[in-house]
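Notes follow once the structure below has been shown.
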Amino acid sequence: MDYEIKAVTTDDVKELQEISRETFKVTFDPYTAPADMKRFLKEDYETEKLIREINNPDSRFYFLMVGDEVAGYLKINVGDAQTEHLRENALEVERIYLRTSFQHRGLGNVLLDFAEKTAREEGKDYLWLGVYEKNIPAQHFYKRHGFEKVSQHTFQVGSDPQTDWLLVKPLTK
């Protein structure tokens, strides 16, 4: 399958907002009350907030393009943009999502491999991320990629405090 990984700019904010809301809702709707989901999608993917995140020098967004369609996206953080100070010299994968029609085609591997390649090129010692405690398929995916649970934190979705497992992968040179 031909694909391209494209850096997201503020010109792409509406498309980023659309795929962010779509993929988060599909992934977490089974676990989240409708009012909490509605509030989260409105507040966390608000246009100005996304623009601030895109403009943060310690955060980067990428679209995974298949043909002329956005199949998924990735958000990585370093430095102060990381949601936790989990390890020294680390890169966080904050968001990694694929649209439903592009799942189970190996494209999740493409995005995660890109994040790891970026971390290695930047001399990072660790790659880490959070995964919802009830998202068993994602947990298995990350385990196959060498991640191990080291901690957990609360991820607020509306008024619902959900538990994310924090997973780390050491990057041996």
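Ordering of the structure tokens sets the chain letters (A, B, ...); residue numbers start at 1 within each chain; ligands are numbered from 1 in the order shown.
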
Helix (DSSP H, G or I) per DSSP on the backbone: members of chain A, as an MDAnalysis selection string: chainID A and resid 10:31 34:44 47:55 79:81 100:102 107:121 136:144

Using only C-alpha atoms, which protein or nucleic acid residues come within 12 Å of Pro57 of chain A? Drop anything in the same chain fewer than 2 positions from it, and give the result as JSON, numbers by chain. {"A": [9, 51, 52, 53, 54, 55, 59, 60, 61, 76, 77, 78, 79, 80, 81, 82]}

Would you tabulate, counting only C-alpha atoms, all residues of segment 66-165 of chain A that have an atom at most 12 Å from an atom of segment 12-22 of chain A, showing the closest pair of atoms and their distance in Å to one decimal, sorted by chain then ascending number, as JSON lines?
```
{"residue": "A:Glu69", "atom": "CA", "partner": "A:Glu15", "partner_atom": "CA", "distance": 10.5}
{"residue": "A:Val70", "atom": "CA", "partner": "A:Ile19", "partner_atom": "CA", "distance": 8.0}
{"residue": "A:Ala71", "atom": "CA", "partner": "A:Ile19", "partner_atom": "CA", "distance": 8.7}
{"residue": "A:Gly72", "atom": "CA", "partner": "A:Ile19", "partner_atom": "CA", "distance": 7.4}
{"residue": "A:Tyr73", "atom": "CA", "partner": "A:Ile19", "partner_atom": "CA", "distance": 7.9}
{"residue": "A:Leu74", "atom": "CA", "partner": "A:Ser20", "partner_atom": "CA", "distance": 9.9}
{"residue": "A:Lys75", "atom": "CA", "partner": "A:Ser20", "partner_atom": "CA", "distance": 10.6}
{"residue": "A:Arg95", "atom": "CA", "partner": "A:Ser20", "partner_atom": "CA", "distance": 9.1}
{"residue": "A:Ile96", "atom": "CA", "partner": "A:Ser20", "partner_atom": "CA", "distance": 9.7}
{"residue": "A:Tyr97", "atom": "CA", "partner": "A:Ser20", "partner_atom": "CA", "distance": 8.0}
{"residue": "A:Leu98", "atom": "CA", "partner": "A:Ile19", "partner_atom": "CA", "distance": 8.6}
{"residue": "A:Arg99", "atom": "CA", "partner": "A:Ile19", "partner_atom": "CA", "distance": 7.6}
{"residue": "A:Thr100", "atom": "CA", "partner": "A:Glu22", "partner_atom": "CA", "distance": 9.4}
{"residue": "A:Ser101", "atom": "CA", "partner": "A:Glu22", "partner_atom": "CA", "distance": 12.0}
```

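If only C-alpha atoms are the atoms counted, then among A:Gly67, A:Trp128, A:Gln162, A:Glu48 the closest residue to Lys143 of chain A is A:Trp128.
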
Atom CA of Arg120 of chain A to atom CA of Ala7 of chain A, distance in Å rounded to a single decimal: 18.1 Å

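Across the structure, atom CA of Tyr62 of chain A and atom CA of Leu112 of chain A are spaced 11.5 Å apart.
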
A:Leu171, A:Val93, A:Leu111, A:Leu41 ranked by distance to Gly123 of chain A, top pick (using only C-alpha atoms): A:Leu171

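With only C-alpha atoms as the atoms that count, the minimum distance from Pro170 of chain A to the choices A:Tyr31, A:Phe24, A:Tyr126, A:Phe40 is reached by A:Tyr126.
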
Residue nearest Asp29 of chain A - candidates A:Asn135, A:Leu167, A:Val150, A:Leu129, atoms counted: only C-alpha atoms: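 Smallest distance to Asp29 of chain A is found for A:Asn135.
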
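The smallest atom-to-atom distance between Arg87 of chain A and any of A:Gln156, A:Ser151, A:Thr118, A:Thr10, using only C-alpha atoms, is found for A:Ser151.
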
Take atom CA of Thr27 of chain A and atom CA of Asn56 of chain A and report the distance between them in Å, one decimal. 25.9 Å

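Using only C-alpha atoms, the shortest contact distance between Pro161 of chain A and any of A:Gly146, A:Tyr132, A:Ile5, A:Leu86 is found at A:Tyr132.
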
Residues at most 12 Å from Met1 of chain A, counting only C-alpha atoms, excluding those fewer than 3 positions away in the same chain, as a VMD selection string? chain A and resid 4 64 to 67 71 102 105 to 107 110

Check the DSSP output for the backbone and give back, as an MDAnalysis selection string, the residues of segment 14-161 of chain A in strand (DSSP E). chainID A and resid 59:66 69:77 90:98 126:132 148:157 160:161

Go ahead and dump the residues you just picked, C-alpha atoms, as a PDB file, in the first residue's frame.
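As written to disk, result.pdb reads:
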```pdb
ATOM      1  CA  SER A  59       4.884  18.907  19.732  1.00  0.00           C
ATOM      2  CA  ARG A  60       4.469  17.577  16.220  1.00  0.00           C
ATOM      3  CA  PHE A  61       1.481  16.209  14.345  1.00  0.00           C
ATOM      4  CA  TYR A  62       1.641  14.026  11.249  1.00  0.00           C
ATOM      5  CA  PHE A  63      -1.023  12.779   8.871  1.00  0.00           C
ATOM      6  CA  LEU A  64      -0.725   9.319   7.372  1.00  0.00           C
ATOM      7  CA  MET A  65      -1.893   9.803   3.804  1.00  0.00           C
ATOM      8  CA  VAL A  66      -3.090   6.896   1.680  1.00  0.00           C
ATOM      9  CA  GLU A  69      -7.074  10.541   1.964  1.00  0.00           C
ATOM     10  CA  VAL A  70      -6.030  11.065   5.590  1.00  0.00           C
ATOM     11  CA  ALA A  71      -5.955   7.514   6.950  1.00  0.00           C
ATOM     12  CA  GLY A  72      -4.713   8.402  10.416  1.00  0.00           C
ATOM     13  CA  TYR A  73      -2.589  10.713  12.463  1.00  0.00           C
ATOM     14  CA  LEU A  74       0.146  10.849  15.051  1.00  0.00           C
ATOM     15  CA  LYS A  75       1.063  13.388  17.717  1.00  0.00           C
ATOM     16  CA  ILE A  76       4.465  13.210  19.392  1.00  0.00           C
ATOM     17  CA  ASN A  77       5.847  15.326  22.224  1.00  0.00           C
ATOM     18  CA  ALA A  90      12.111  10.544  26.162  1.00  0.00           C
ATOM     19  CA  LEU A  91       9.648  11.037  23.323  1.00  0.00           C
ATOM     20  CA  GLU A  92       5.932  10.629  24.001  1.00  0.00           C
ATOM     21  CA  VAL A  93       3.432   9.263  21.515  1.00  0.00           C
ATOM     22  CA  GLU A  94       0.423  11.234  22.749  1.00  0.00           C
ATOM     23  CA  ARG A  95      -1.999  10.309  19.966  1.00  0.00           C
ATOM     24  CA  ILE A  96      -1.932   7.573  17.359  1.00  0.00           C
ATOM     25  CA  TYR A  97      -5.192   6.924  15.549  1.00  0.00           C
ATOM     26  CA  LEU A  98      -6.399   5.340  12.326  1.00  0.00           C
ATOM     27  CA  TYR A 126      12.850   6.071  25.623  1.00  0.00           C
ATOM     28  CA  LEU A 127       9.594   6.032  23.720  1.00  0.00           C
ATOM     29  CA  TRP A 128       6.449   6.094  25.837  1.00  0.00           C
ATOM     30  CA  LEU A 129       2.681   6.436  25.651  1.00  0.00           C
ATOM     31  CA  GLY A 130      -0.558   6.024  27.553  1.00  0.00           C
ATOM     32  CA  VAL A 131      -3.202   3.441  26.656  1.00  0.00           C
ATOM     33  CA  TYR A 132      -6.682   3.124  28.134  1.00  0.00           C
ATOM     34  CA  GLU A 148       5.972  -2.484  29.043  1.00  0.00           C
ATOM     35  CA  LYS A 149       3.648  -1.014  31.667  1.00  0.00           C
ATOM     36  CA  VAL A 150       5.488   1.092  34.226  1.00  0.00           C
ATOM     37  CA  SER A 151       2.747   3.231  35.760  1.00  0.00           C
ATOM     38  CA  GLN A 152      -0.700   4.713  35.213  1.00  0.00           C
ATOM     39  CA  HIS A 153      -2.424   8.074  35.307  1.00  0.00           C
ATOM     40  CA  THR A 154      -5.884   9.560  35.109  1.00  0.00           C
ATOM     41  CA  PHE A 155      -7.144  10.732  31.729  1.00  0.00           C
ATOM     42  CA  GLN A 156     -10.146  13.001  32.146  1.00  0.00           C
ATOM     43  CA  VAL A 157     -12.946  12.552  29.591  1.00  0.00           C
ATOM     44  CA  ASP A 160     -15.226  10.745  33.792  1.00  0.00           C
ATOM     45  CA  PRO A 161     -11.757  10.040  35.228  1.00  0.00           C
TER      46      PRO A 161
END
```
